[in-house]
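Here's structure-v2.cif, which has mmCIF, C-alpha atoms:
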data_my_file
loop_
_atom_site.label_atom_id
_atom_site.label_comp_id
_atom_site.auth_asym_id
_atom_site.auth_seq_id
_atom_site.Cartn_x
_atom_site.Cartn_y
_atom_site.Cartn_z
CA MET A 1002 13.38 35.04 3.41
CA ILE A 1003 14.31 31.43 2.83
CA LYS A 1004 14.02 29.42 6.01
CA LYS A 1005 17.20 28.35 7.85
CA ASP A 1006 17.13 25.52 10.34
CA ILE A 1007 19.16 22.51 11.38
CA LEU A 1008 19.14 21.30 7.79
CA SER A 1009 21.57 24.05 6.82
CA LYS A 1010 24.00 23.31 9.68
CA SER A 1011 27.06 21.30 8.74
CA TRP A 1012 28.22 19.44 11.88
CA TRP A 1013 26.01 16.40 11.34
CA LYS A 1014 27.17 16.12 7.76
CA TYR A 1015 30.76 15.69 8.93
CA LEU A 1016 29.48 13.07 11.36
CA CYS A 1017 27.78 11.28 8.47
CA VAL A 1018 30.97 11.23 6.42
CA ILE A 1019 32.93 9.84 9.36
CA PHE A 1020 30.40 7.11 10.11
CA LEU A 1021 30.05 6.03 6.50
CA THR A 1022 33.80 5.97 5.88
CA TYR A 1023 34.10 3.78 8.94
CA THR A 1024 31.25 1.58 7.67
CA VAL A 1025 32.83 0.99 4.31
CA ILE A 1026 36.35 0.36 5.63
CA ALA A 1027 35.41 -1.71 8.67
CA GLY A 1028 32.50 -3.35 6.88
CA PHE A 1029 34.79 -4.91 4.33
CA LEU A 1030 37.78 -5.57 6.55
CA MET A 1031 36.53 -6.54 10.03
CA PRO A 1032 36.15 -10.25 10.76
CA VAL A 1033 32.70 -11.78 10.32
CA PRO A 1034 31.48 -15.17 11.57
CA ALA A 1035 31.76 -17.93 9.00
CA LEU A 1036 28.20 -19.18 8.55
CA PRO A 1037 26.94 -21.76 6.09
CA HIS A 1038 25.25 -20.27 3.00
CA LEU A 1039 25.94 -16.71 4.06
CA HIS A 1040 29.74 -16.72 4.18
CA GLU A 1041 31.10 -13.27 3.39
CA THR A 1042 27.80 -12.00 1.98
CA ILE A 1043 26.78 -11.24 5.55
CA ARG A 1044 28.67 -7.99 5.10
CA ASN A 1045 25.70 -6.86 3.04
CA LEU A 1046 23.92 -6.48 6.39
CA TYR A 1047 25.67 -3.13 6.79
CA PHE A 1048 24.16 -1.89 3.54
CA HIS A 1049 20.94 -3.73 2.71
CA VAL A 1050 19.32 -3.53 6.14
CA CYS A 1051 20.37 0.09 6.59
CA MET A 1052 18.68 1.04 3.31
CA TRP A 1053 15.34 -0.19 4.66
CA PHE A 1054 15.88 1.50 8.00
CA ALA A 1055 16.61 4.74 6.19
CA MET A 1056 13.54 4.33 3.99
CA MET A 1057 11.23 3.66 6.93
CA TYR A 1058 12.69 6.57 8.81
CA ILE A 1059 12.28 9.07 6.00
CA PHE A 1060 8.76 7.84 5.17
CA THR A 1061 7.88 8.31 8.83
CA VAL A 1062 9.19 11.87 8.65
CA SER A 1063 7.04 12.36 5.59
CA LEU A 1064 3.99 10.98 7.41
CA VAL A 1065 4.54 13.29 10.39
CA TYR A 1066 4.76 16.34 8.13
CA SER A 1067 1.71 15.24 6.15
CA ILE A 1068 -0.30 15.06 9.36
CA LYS A 1069 1.12 18.42 10.40
CA TYR A 1070 0.10 19.86 7.05
CA LEU A 1071 -3.48 18.67 7.42
CA ASN A 1072 -3.65 20.25 10.87
CA ASN A 1073 -2.00 23.47 9.83
CA PRO A 1074 -1.57 24.03 6.09
CA LYS A 1075 1.87 25.62 5.94
CA GLU A 1076 3.72 25.37 2.64
CA ASP A 1077 6.94 24.28 4.30
CA TYR A 1078 5.32 21.14 5.76
CA ASP A 1079 4.30 20.10 2.28
CA ILE A 1080 7.81 20.65 0.96
CA ILE A 1081 9.30 18.48 3.70
CA ALA A 1082 6.70 15.74 3.28
CA SER A 1083 7.03 15.51 -0.48
CA GLN A 1084 10.80 15.72 -0.70
CA SER A 1085 11.19 13.15 2.08
CA THR A 1086 9.04 10.75 0.13
CA TYR A 1087 11.11 11.21 -3.00
CA THR A 1088 14.27 10.52 -1.02
CA GLY A 1089 12.67 7.47 0.59
CA LEU A 1090 11.93 6.05 -2.85
CA VAL A 1091 15.61 6.20 -3.75
CA PHE A 1092 16.53 4.29 -0.62
CA GLY A 1093 13.74 1.78 -1.21
CA VAL A 1094 15.01 1.04 -4.70
CA LEU A 1095 18.55 0.69 -3.34
CA GLY A 1096 17.22 -1.68 -0.67
CA LEU A 1097 15.65 -3.87 -3.34
CA VAL A 1098 18.81 -3.85 -5.43
CA THR A 1099 21.14 -4.70 -2.56
CA GLY A 1100 18.68 -7.39 -1.45
CA ALA A 1101 18.55 -8.91 -4.92
CA LEU A 1102 22.33 -8.91 -5.04
CA TRP A 1103 22.49 -10.65 -1.68
CA ALA A 1104 19.86 -13.19 -2.68
CA THR A 1105 21.76 -14.02 -5.86
CA TYR A 1106 24.73 -15.29 -3.91
CA SER A 1107 23.30 -16.67 -0.70
CA TRP A 1108 19.80 -18.06 -1.33
CA GLU A 1109 19.06 -21.10 -3.42
CA GLY A 1110 22.39 -22.59 -2.46
CA GLY A 1111 24.45 -19.73 -3.78
CA THR A 1112 24.19 -20.81 -7.38
CA GLY A 1113 24.31 -17.18 -8.37
CA GLY A 1114 21.18 -17.25 -10.48
CA VAL A 1115 18.10 -16.31 -8.53
CA SER A 1116 17.61 -12.74 -7.42
CA TRP A 1117 13.84 -12.46 -6.99
CA ILE A 1118 12.15 -14.90 -4.67
CA SER A 1119 8.55 -14.83 -3.52
CA ASP A 1120 9.01 -13.84 0.08
CA PRO A 1121 6.43 -11.97 2.19
CA LYS A 1122 8.85 -9.23 3.03
CA ILE A 1123 9.97 -8.70 -0.57
CA ASN A 1124 6.38 -8.59 -1.80
CA GLY A 1125 5.55 -6.13 0.94
CA ALA A 1126 8.45 -3.86 0.17
CA PHE A 1127 7.75 -3.94 -3.54
CA VAL A 1128 4.09 -3.08 -3.13
CA ALA A 1129 4.95 -0.32 -0.65
CA LEU A 1130 7.28 1.18 -3.23
CA LEU A 1131 4.56 0.96 -5.88
CA SER A 1132 2.16 2.85 -3.66
CA TYR A 1133 4.74 5.57 -3.09
CA PHE A 1134 5.38 5.81 -6.81
CA ALA A 1135 1.62 6.29 -7.11
CA TYR A 1136 2.06 9.21 -4.71
CA VAL A 1137 4.51 10.76 -7.17
CA VAL A 1138 2.04 10.22 -10.02
CA LEU A 1139 -0.72 11.79 -7.94
CA ARG A 1140 1.39 14.85 -7.16
CA ASN A 1141 2.25 15.33 -10.80
CA ALA A 1142 -1.39 15.08 -11.82
CA MET A 1143 -2.30 18.30 -10.01
CA ASP A 1144 -1.23 21.86 -10.70
CA ASP A 1145 -2.83 23.85 -7.92
CA GLU A 1146 -0.26 23.91 -5.11
CA GLN A 1147 -2.56 23.94 -2.10
CA LYS A 1148 -4.85 21.30 -3.48
CA ARG A 1149 -1.89 19.15 -4.41
CA ALA A 1150 -0.42 19.49 -0.96
CA ARG A 1151 -3.65 18.59 0.81
CA ILE A 1152 -4.67 15.66 -1.36
CA SER A 1153 -1.23 14.12 -1.51
CA ALA A 1154 -1.02 14.42 2.29
CA VAL A 1155 -4.22 12.41 2.57
CA TYR A 1156 -2.89 9.75 0.23
CA ASN A 1157 0.44 9.69 2.01
CA ILE A 1158 -1.20 8.85 5.33
CA PHE A 1159 -3.24 6.14 3.66
CA ALA A 1160 -0.24 4.65 1.91
CA TYR A 1161 1.90 4.70 5.05
CA VAL A 1162 -0.64 2.83 7.14
CA MET A 1163 -1.10 0.20 4.44
CA MET A 1164 2.66 -0.11 4.10
CA ILE A 1165 3.09 -0.73 7.82
CA VAL A 1166 0.43 -3.40 7.69
CA PHE A 1167 2.00 -4.99 4.71
CA ILE A 1168 5.66 -5.05 5.57
CA MET A 1169 5.57 -5.17 9.34
CA ILE A 1170 2.45 -7.04 10.39
CA TYR A 1171 1.50 -9.28 7.49
CA PRO A 1172 4.75 -11.30 7.22
CA ARG A 1173 4.46 -12.17 10.89
CA LEU A 1174 0.91 -13.43 10.49
CA SER A 1175 1.40 -15.52 7.43
CA ASN A 1176 2.53 -19.07 7.66
CA VAL A 1177 4.55 -18.61 4.51
CA ASP A 1178 8.23 -19.22 5.03
CA SER A 1179 10.43 -16.22 4.81
CA MET A 1180 14.16 -15.88 4.55
CA HIS A 1181 14.06 -12.68 6.54
CA PRO A 1182 14.45 -12.72 10.30
CA GLY A 1183 11.37 -12.05 12.37
CA ASN A 1184 8.92 -13.62 9.93
CA GLY A 1185 7.34 -16.97 9.30
CA GLY A 1186 8.58 -18.59 12.48
CA ASN A 1187 12.11 -17.22 12.28
CA PRO A 1188 13.41 -15.49 15.38
CA GLY A 1189 13.19 -11.72 15.57
CA PHE A 1190 16.09 -9.53 14.80
CA ASN A 1191 17.21 -8.95 18.37
CA SER A 1192 17.31 -12.57 19.31
CA TYR A 1193 19.44 -13.20 16.26
CA ASP A 1194 22.89 -13.67 17.64
CA LEU A 1195 24.49 -10.74 15.99
CA ASP A 1196 28.21 -11.22 16.37
CA SER A 1197 29.79 -8.63 18.65
CA HIS A 1198 32.25 -7.65 15.90
CA MET A 1199 29.33 -7.08 13.61
CA ARG A 1200 27.53 -4.90 16.12
CA LEU A 1201 30.61 -2.67 16.16
CA VAL A 1202 30.02 -1.95 12.50
CA PHE A 1203 26.27 -2.34 12.22
CA TYR A 1204 25.16 0.33 14.70
CA PRO A 1205 27.45 3.06 13.33
CA ALA A 1206 26.37 2.00 9.83
CA VAL A 1207 22.71 2.54 10.71
CA ILE A 1208 23.43 5.99 12.09
CA GLY A 1209 25.59 6.84 9.11
CA TRP A 1210 22.99 5.82 6.54
CA LEU A 1211 20.19 7.59 8.42
CA LEU A 1212 22.29 10.75 8.43
CA LEU A 1213 23.03 10.37 4.72
CA CYS A 1214 19.33 9.94 4.07
CA THR A 1215 18.59 13.10 6.02
CA TRP A 1216 21.32 14.88 4.12
CA ILE A 1217 19.94 13.94 0.70
CA ALA A 1218 16.46 14.88 1.83
CA SER A 1219 17.74 18.18 3.19
CA VAL A 1220 19.33 19.08 -0.14
CA ASN A 1221 16.03 18.31 -1.86
CA ILE A 1222 14.05 20.26 0.70
CA ARG A 1223 16.28 23.30 0.56
CA THR A 1224 16.31 23.31 -3.25
CA GLU A 1225 12.54 23.14 -3.27
CA ARG A 1226 12.34 26.00 -0.74
CA ILE A 1227 14.49 28.17 -2.98
CA LYS A 1228 12.40 27.24 -6.01
CA ARG A 1229 9.16 28.13 -4.27
CA TYR A 1230 10.69 31.31 -2.90
CA PHE A 1231 11.61 32.57 -6.35
CA HIS A 1232 8.35 31.31 -7.75
CA ASN A 1233 6.40 33.37 -5.23
CA ILE A 1234 8.13 36.72 -5.70
CA MET B 663 -28.57 9.18 11.13
CA ASN B 664 -31.50 10.44 9.10
CA GLN B 665 -29.14 12.28 6.83
CA VAL B 666 -27.08 9.12 6.33
CA LEU B 667 -30.22 7.19 5.43
CA ALA B 668 -31.35 9.92 3.07
CA ILE B 669 -28.06 9.81 1.20
CA ILE B 670 -28.23 6.04 0.94
CA GLN B 671 -31.80 6.24 -0.32
CA ARG B 672 -30.85 8.83 -2.90
CA GLU B 673 -27.93 6.72 -4.13
CA LEU B 674 -30.18 3.72 -4.44
CA GLN B 675 -32.76 5.67 -6.42
CA HIS B 676 -30.05 6.99 -8.67
CA GLU B 677 -28.77 3.49 -9.27
CA LEU B 678 -32.17 1.96 -9.94
CA ARG B 679 -33.26 4.74 -12.22
CA SER B 680 -30.34 4.37 -14.58
CA ARG B 681 -31.00 0.95 -15.96
CA LYS B 682 -28.07 1.43 -18.29
CA ALA B 683 -25.59 1.35 -15.40
CA TRP B 684 -27.07 -1.79 -13.88
CA LEU B 685 -27.10 -3.61 -17.18
CA ALA B 686 -23.56 -2.51 -17.94
CA ILE B 687 -22.28 -3.93 -14.67
CA LEU B 688 -24.13 -7.21 -15.15
CA LEU B 689 -22.90 -7.54 -18.67
CA TYR B 690 -19.35 -6.69 -17.65
CA THR B 691 -19.48 -9.33 -14.91
CA ALA B 692 -20.94 -12.03 -17.12
CA SER B 693 -18.63 -11.37 -20.04
CA THR B 694 -15.41 -11.20 -18.00
CA VAL B 695 -16.30 -14.46 -16.27
CA TYR B 696 -17.15 -16.03 -19.61
CA ILE B 697 -13.87 -14.89 -21.15
CA SER B 698 -11.93 -16.42 -18.30
CA TYR B 699 -13.97 -19.59 -18.72
CA LEU B 700 -12.95 -19.74 -22.38
CA GLY B 701 -9.33 -19.22 -21.45
CA MET B 702 -9.34 -21.78 -18.66
CA GLN B 703 -11.15 -24.67 -20.30
CA GLY B 704 -9.84 -27.93 -18.99
CA SER B 705 -7.88 -26.34 -16.16
CA THR B 706 -8.50 -28.00 -12.85
CA GLU B 707 -5.83 -26.18 -10.92
CA THR B 708 -7.55 -24.59 -7.93
CA SER B 709 -4.85 -21.99 -7.46
CA THR B 710 -5.46 -20.74 -11.00
CA HIS B 711 -9.20 -20.55 -10.37
CA ASN B 712 -8.52 -18.68 -7.18
CA ALA B 713 -6.19 -16.15 -8.79
CA VAL B 714 -8.54 -15.52 -11.71
CA PHE B 715 -11.52 -15.14 -9.40
CA TRP B 716 -9.92 -12.43 -7.26
CA LEU B 717 -8.61 -10.66 -10.33
CA LEU B 718 -12.15 -10.58 -11.70
CA ILE B 719 -13.43 -9.27 -8.38
CA ILE B 720 -10.97 -6.35 -8.50
CA PHE B 721 -11.86 -5.34 -12.03
CA ILE B 722 -15.58 -5.71 -11.52
CA SER B 723 -15.35 -3.66 -8.31
CA MET B 724 -13.42 -0.94 -10.07
CA PHE B 725 -15.89 -0.81 -12.90
CA ALA B 726 -18.88 -0.76 -10.58
CA THR B 727 -17.46 1.87 -8.24
CA SER B 728 -16.31 4.24 -10.94
CA GLY B 729 -19.73 4.02 -12.59
CA SER B 730 -21.47 5.17 -9.46
CA PHE B 731 -19.31 8.29 -9.27
CA ALA B 732 -19.03 9.35 -12.87
CA GLY B 733 -20.70 12.46 -14.17
CA ARG B 734 -22.15 13.60 -10.87
CA GLU B 735 -19.86 16.45 -9.92
CA SER B 736 -22.59 19.09 -10.27
CA GLU B 737 -24.89 17.15 -8.00
CA MET B 738 -22.13 16.89 -5.42
CA PHE B 739 -21.84 20.66 -5.15
CA TYR B 740 -25.41 20.78 -3.92
CA ILE B 741 -24.83 18.01 -1.39
CA TYR B 742 -21.74 19.77 -0.04
CA THR B 743 -23.94 22.54 1.31
CA LEU B 744 -26.38 20.21 3.03
CA ILE B 745 -24.45 17.63 4.97
CA SER B 746 -21.24 17.17 6.95
CA PRO B 747 -18.41 15.24 5.26
CA ALA B 748 -18.24 12.60 7.99
CA ARG B 749 -21.89 11.68 7.49
CA PHE B 750 -21.50 11.75 3.75
CA ILE B 751 -18.57 9.33 3.74
CA LEU B 752 -20.37 7.07 6.21
CA ALA B 753 -23.36 6.83 3.90
CA ARG B 754 -21.11 6.39 0.90
CA LEU B 755 -19.13 3.56 2.54
CA LEU B 756 -22.27 1.75 3.63
CA TYR B 757 -23.93 2.11 0.26
CA ASN B 758 -20.89 1.16 -1.80
CA GLY B 759 -20.14 -1.76 0.49
CA VAL B 760 -23.60 -3.25 0.11
CA PHE B 761 -23.70 -2.48 -3.60
CA LEU B 762 -20.36 -4.12 -4.34
CA LEU B 763 -21.29 -7.05 -2.19
CA ALA B 764 -24.35 -7.64 -4.33
CA VAL B 765 -22.30 -7.33 -7.51
CA SER B 766 -19.59 -9.67 -6.24
CA ILE B 767 -22.11 -12.29 -5.19
CA ILE B 768 -23.50 -12.18 -8.72
CA ALA B 769 -19.95 -12.59 -9.97
CA PHE B 770 -19.44 -15.53 -7.64
CA ILE B 771 -22.61 -17.21 -8.89
CA CYS B 772 -21.54 -16.65 -12.51
CA PHE B 773 -18.12 -18.06 -11.70
CA GLN B 774 -19.60 -21.13 -10.04
CA PHE B 775 -21.93 -21.61 -12.98
CA PHE B 776 -19.33 -21.36 -15.74
CA ILE B 777 -16.14 -22.55 -14.11
CA GLY B 778 -16.90 -23.89 -10.65
CA PHE B 779 -14.64 -24.24 -7.66
CA GLY B 780 -15.55 -27.84 -7.04
CA ASN B 781 -15.45 -29.00 -3.45
CA THR B 782 -15.64 -25.74 -1.53
CA ASN B 783 -16.33 -24.76 2.04
CA LEU B 784 -18.96 -22.16 1.14
CA LEU B 785 -19.19 -20.60 4.58
CA ILE B 786 -15.50 -19.72 4.70
CA PHE B 787 -15.41 -18.69 1.08
CA LEU B 788 -18.35 -16.33 1.39
CA THR B 789 -16.92 -14.87 4.60
CA ALA B 790 -13.71 -14.17 2.71
CA LEU B 791 -15.68 -12.63 -0.14
CA LEU B 792 -17.81 -10.49 2.15
CA LEU B 793 -14.97 -9.11 4.23
CA THR B 794 -12.66 -8.53 1.28
CA VAL B 795 -15.24 -6.84 -0.90
CA TRP B 796 -16.22 -4.59 1.98
CA GLY B 797 -12.59 -3.50 2.35
CA ILE B 798 -12.15 -3.11 -1.41
CA SER B 799 -15.22 -0.93 -1.64
CA SER B 800 -14.03 1.43 1.13
CA LEU B 801 -10.57 1.65 -0.40
CA LEU B 802 -11.94 2.30 -3.87
CA THR B 803 -14.37 4.91 -2.57
CA MET B 804 -11.51 6.74 -0.95
CA SER B 805 -9.09 6.44 -3.85
CA PHE B 806 -11.78 7.51 -6.26
CA SER B 807 -12.41 10.62 -4.18
CA ILE B 808 -8.68 11.33 -4.20
CA ALA B 809 -8.36 10.65 -7.92
CA SER B 810 -11.34 12.79 -8.87
CA LYS B 811 -9.89 15.71 -6.88
CA GLY B 812 -6.63 15.08 -8.65
CA GLY B 813 -8.43 15.30 -11.96
CA GLY B 814 -7.05 12.00 -13.15
CA GLY B 815 -10.19 9.90 -13.39
CA PHE B 816 -10.11 6.16 -13.86
CA THR B 817 -6.41 5.71 -14.64
CA LEU B 818 -5.27 7.62 -11.59
CA MET B 819 -7.73 5.69 -9.45
CA ALA B 820 -6.27 2.40 -10.68
CA VAL B 821 -2.71 3.54 -10.02
CA LEU B 822 -3.57 4.76 -6.55
CA SER B 823 -5.62 1.81 -5.42
CA PHE B 824 -3.90 -1.27 -6.85
CA PRO B 825 -0.91 -1.25 -4.50
CA LEU B 826 -3.14 -0.52 -1.51
CA LEU B 827 -5.44 -3.42 -2.36
CA VAL B 828 -2.68 -6.00 -2.15
CA PRO B 829 -2.76 -6.67 1.62
CA LEU B 830 -6.49 -7.36 1.44
CA LEU B 831 -6.18 -9.58 -1.60
CA ILE B 832 -3.31 -11.68 -0.34
CA THR B 833 -5.14 -12.39 2.90
CA ALA B 834 -8.31 -13.16 0.95
CA GLN B 835 -6.46 -15.49 -1.38
CA ASN B 836 -4.91 -17.41 1.47
CA LEU B 837 -8.27 -17.77 3.12
CA SER B 838 -10.08 -18.81 -0.03
CA THR B 839 -7.38 -21.35 -0.87
CA MET B 840 -8.21 -23.00 2.42
CA ALA B 841 -11.90 -22.88 1.60
CA ILE B 842 -11.48 -24.35 -1.87
CA GLY B 843 -9.20 -27.12 -0.81
CA ALA B 844 -11.63 -27.77 2.07
CA VAL B 845 -8.89 -29.89 3.55
CA ASN B 846 -7.39 -28.05 6.45
CA THR B 847 -9.30 -25.07 7.78
CA THR B 848 -7.68 -24.83 11.19
CA GLY B 849 -5.77 -21.61 10.60
CA CYS B 850 -8.57 -19.65 8.99
CA GLY B 851 -9.53 -17.74 12.14
CA GLY B 852 -6.34 -15.71 11.96
CA TYR B 853 -7.02 -14.68 8.37
CA ILE B 854 -10.61 -13.72 9.16
CA ALA B 855 -9.38 -11.61 12.06
CA THR B 856 -6.80 -9.98 9.78
CA LEU B 857 -9.46 -9.15 7.21
CA LEU B 858 -11.73 -7.71 9.89
CA ALA B 859 -8.90 -5.60 11.26
CA LEU B 860 -7.99 -4.36 7.77
CA ASP B 861 -11.60 -3.44 7.04
CA ALA B 862 -11.91 -1.56 10.31
CA MET B 863 -8.63 0.22 9.69
CA ILE B 864 -9.51 1.28 6.16
CA ALA B 865 -12.94 2.49 7.27
CA ALA B 866 -11.38 4.48 10.12
CA LEU B 867 -8.86 6.08 7.75
CA CYS B 868 -11.63 7.01 5.30
CA TYR B 869 -13.70 8.51 8.09
CA LEU B 870 -10.80 10.55 9.45
CA LEU B 871 -9.28 11.67 6.16
CA PHE B 872 -12.31 12.29 3.97
CA PRO B 873 -13.13 15.73 5.47
CA TYR B 874 -9.80 16.99 4.09
CA LEU B 875 -10.84 16.02 0.59
CA TRP B 876 -14.15 17.75 1.01
CA ARG B 877 -13.16 21.39 1.35
CA ASP B 878 -12.22 23.11 -1.85
#

This structure in structure tokens:
Amino acid sequence: MIKKDILSKSWWKYLCVIFLTYTVIAGFLMPVPALPHLHETIRNLYFHVCMWFAMMYIFTVSLVYSIKYLNNPKEDYDIIASQSTYTGLVFGVLGLVTGALWATYSWEGGTGGVSWISDPKINGAFVALLSYFAYVVLRNAMDDEQKRARISAVYNIFAYVMMIVFIMIYPRLSNVDSMHPGNGGNPGFNSYDLDSHMRLVFYPAVIGWLLLCTWIASVNIRTERIKRYFHNI
Amino acid sequence: MNQVLAIIQRELQHELRSRKAWLAILLYTASTVYISYLGMQGSTETSTHNAVFWLLIIFISMFATSGSFAGRESEMFYIYTLISPARFILARLLYNGVFLLAVSIIAFICFQFFIGFGNTNLLIFLTALLLTVWGISSLLTMSFSIASKGGGGFTLMAVLSFPLLVPLLITAQNLSTMAIGAVNTTGCGGYIATLLALDAMIAALCYLLFPYLWRD
């Protein structure tokens, strides 16, 4: 029997649709503070930042299930871990794209030319994505299901720890200037005076994107469950 | 402890016996350094020297590590029955660390001889080299174990380990830039601490995760 759990319930999917509709409408229409350089591009906060939150969240899910798999090798743990990682990659790529778009219009004086700048956080995110693409390569290199599950779980834990070091800890250590908050002498995110109007959109946006991320992952996971189910009979 | 020492001794014997492997590594080191010398003639830019040096260190490490693993699967089956995985990886990390350190010091000497860093704070530079190479060797040992289980060999190992090496290398490059400039070395303590923490973390991960690669 194919497993049924919260992933096949539909109430949180309606919630996701509501939150994201609100994000898009309010995100483009609500007032935002007029800041130098940023101007209206600050609205990208509701999209760009949420992509990274969603990616970190789904990679963490993947890490938890990889550890669970190593403790107790159940096939379902491997399905959740691998499909979560694939979903996380999509959000990571979207995060880079939205970031590049934002950088084009707000950094370097808004000349609209530069989209890739050497910034500790960008380097970190890019390398983290590379290591997760390596995870995909590793998974595709092996045919035996149990071996694949175990070895990719080991690599996943390794990659996650290095990613945390690289995108969370390293930018704070380095004395390189960063455009991102919380790095290179900039204030952290919370002490950033997020406008109260923006909070009204930002927090629902985060929840909405996290739910969408879970939704996409759940479709992947459930498809994979069905595939394995028919493969095994 | 005796078992760990025995493994290290056996590795060393294996390495010394195959003169081909030793010579290959030396030749690889000398020729890559010489090629970069030919390409960089006249360049006095320290940042270029720095970048090329660490690039050489990665490739030499990869070459050296993969050589010490290749073609020994049958031997490993015998070792599996004798020793616990935790002890095996401990011995492996120690041996590979010392081995790569020796190779990278040779590379450093070659580099100084052909290209030269100029006015360098040797103490800081060698600390950076030591700590970084130790981390690289643990990471490569682990990713080679993963890659060989995955049946992908050298290519897979490169794909798996390059992204993971970046944190180490960036820290090392920052530190060695300070050493080469020999101007302002006030902030180097933080980088050394970062490198130490990274090394410890990688070693801990290897120690914890290797047993799962062991069973088959």

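Pairwise distance (atom CA of Ile832 of chain B, atom CA of Phe721 of chain B) equals 15.8 Å.
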
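Ranking B:Leu801, B:Leu827, B:Ile777, B:Ile767 by their shortest atom-to-atom distance to Met1164 of chain A, with all atoms listed in the file included, puts B:Leu827 first.
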
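When the PyMOL selection byres ((chain B) within 7 of (chain A)) is evaluated on the file shown here, the picked residues come out as Ile808, Gly812, Gly814, Val821, Leu822, Pro825, Leu826, Pro829, Leu867, Leu871 and Leu875 of chain B.
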
Can you translate the PyMOL selection byres ((chain A and resi 1076) around 12) into the concrete residues it hits in this file, as a PyMOL selection string? chain A and resi 1004+1066-1067+1069-1071+1073-1075+1077-1083+1146-1151+1154+1222+1225-1226+1229-1230+1233

Pull out every residue that the PyMOL selection byres ((chain A and resi 1199) around 9) matches in the shown coordinates and put them as a short mmCIF file (atom, residue, chain, number, x, y, z; two decimals) with C-alpha atoms, in the coordinates of the input.
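Listed below is the output, part.cif:
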data_model
loop_
_atom_site.label_atom_id
_atom_site.label_comp_id
_atom_site.auth_asym_id
_atom_site.auth_seq_id
_atom_site.Cartn_x
_atom_site.Cartn_y
_atom_site.Cartn_z
CA GLY A 1028 32.50 -3.35 6.88
CA MET A 1031 36.53 -6.54 10.03
CA PRO A 1032 36.15 -10.25 10.76
CA VAL A 1033 32.70 -11.78 10.32
CA PRO A 1034 31.48 -15.17 11.57
CA ARG A 1044 28.67 -7.99 5.10
CA TYR A 1047 25.67 -3.13 6.79
CA LEU A 1195 24.49 -10.74 15.99
CA ASP A 1196 28.21 -11.22 16.37
CA SER A 1197 29.79 -8.63 18.65
CA HIS A 1198 32.25 -7.65 15.90
CA ARG A 1200 27.53 -4.90 16.12
CA LEU A 1201 30.61 -2.67 16.16
CA VAL A 1202 30.02 -1.95 12.50
CA PHE A 1203 26.27 -2.34 12.22
CA TYR A 1204 25.16 0.33 14.70
#

Would you compute the distance between atom CA of Ala820 of chain B and atom CA of Phe872 of chain B? Give it in Å to one decimal. 18.7 Å

How big is the axis-aligned box around all listed atoms of segment 809-815 of chain B once 3 Å goes on each side, and where's its centre, in Å to one decimal, as AutoDock Vina command-line options?
--center_x -9.0 --center_y 12.8 --center_z -10.1 --size_x 10.7 --size_y 11.8 --size_z 12.5

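Atom pair atom CA of Gly1100 of chain A / atom CA of Val1025 of chain A: separated by 17.4 Å.
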
Which residues come within 6 Å of segment 1056-1062 of chain A, counting all atoms listed in the file, excluding same-chain residues fewer than 2 positions away, as an NGL selection string? :A and (1053-1054 or 1064-1065 or 1085-1086 or 1089 or 1092-1093)

Would you list the residues near (-14.6, -5.4, 9.7) (no more than 12 Å away, in the coordinates of the file, using all atoms listed in the file) as a PyMOL selection string? chain B and resi 759+789-790+792-798+800+830+854-866

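The protein and nucleic acid residues lying at most 7 Å from segment 745-754 of chain B are Val666, Ile669, Ile670, Tyr869, Phe872, Pro873 and Trp876 of chain B, with only C-alpha atoms considered and sequence neighbours fewer than 5 positions away removed.
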
Atoms kept (C-alpha atoms) for selection, written as a PDB file, keeping the file's coordinate frame:
ATOM      1  CA  VAL B 666     -27.080   9.120   6.330  1.00  0.00           C
ATOM      2  CA  ILE B 669     -28.060   9.810   1.200  1.00  0.00           C
ATOM      3  CA  ILE B 670     -28.230   6.040   0.940  1.00  0.00           C
ATOM      4  CA  TYR B 869     -13.700   8.510   8.090  1.00  0.00           C
ATOM      5  CA  PHE B 872     -12.310  12.290   3.970  1.00  0.00           C
ATOM      6  CA  PRO B 873     -13.130  15.730   5.470  1.00  0.00           C
ATOM      7  CA  TRP B 876     -14.150  17.750   1.010  1.00  0.00           C
TER       8      TRP B 876
END

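Residues in contact range of Leu1211 of chain A, defined as at most 7 Å between all atoms listed in the file, with sequence neighbours fewer than 4 positions away removed, read Ala1055, Val1207 and Thr1215 of chain A.
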
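Of the residues listed (A:Ile1019, A:Ile1165, A:Val1050, A:Val1137), A:Val1137 shows the shortest atom-to-atom separation from Leu1090 of chain A; distances use all atoms listed in the file.
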
Which residues come within 10 Å of Met702 of chain B, counting all atoms listed in the file, excluding same-chain residues fewer than 6 positions away, as a list in words? Tyr696, Thr710, His711, Val714 and Ile777 of chain B

Could you list, as a PyMOL selection string, every residue within 10 Å of Tyr690 of chain B, counting only C-alpha atoms and ignoring same-chain residues fewer than 6 positions away? chain B and resi 684+696+721-722+725-726+769

Closest of B:Gln675, B:Ser799, B:Thr691, B:Gln703 to Ser823 of chain B - atom-to-atom distances counting only C-alpha atoms: B:Ser799
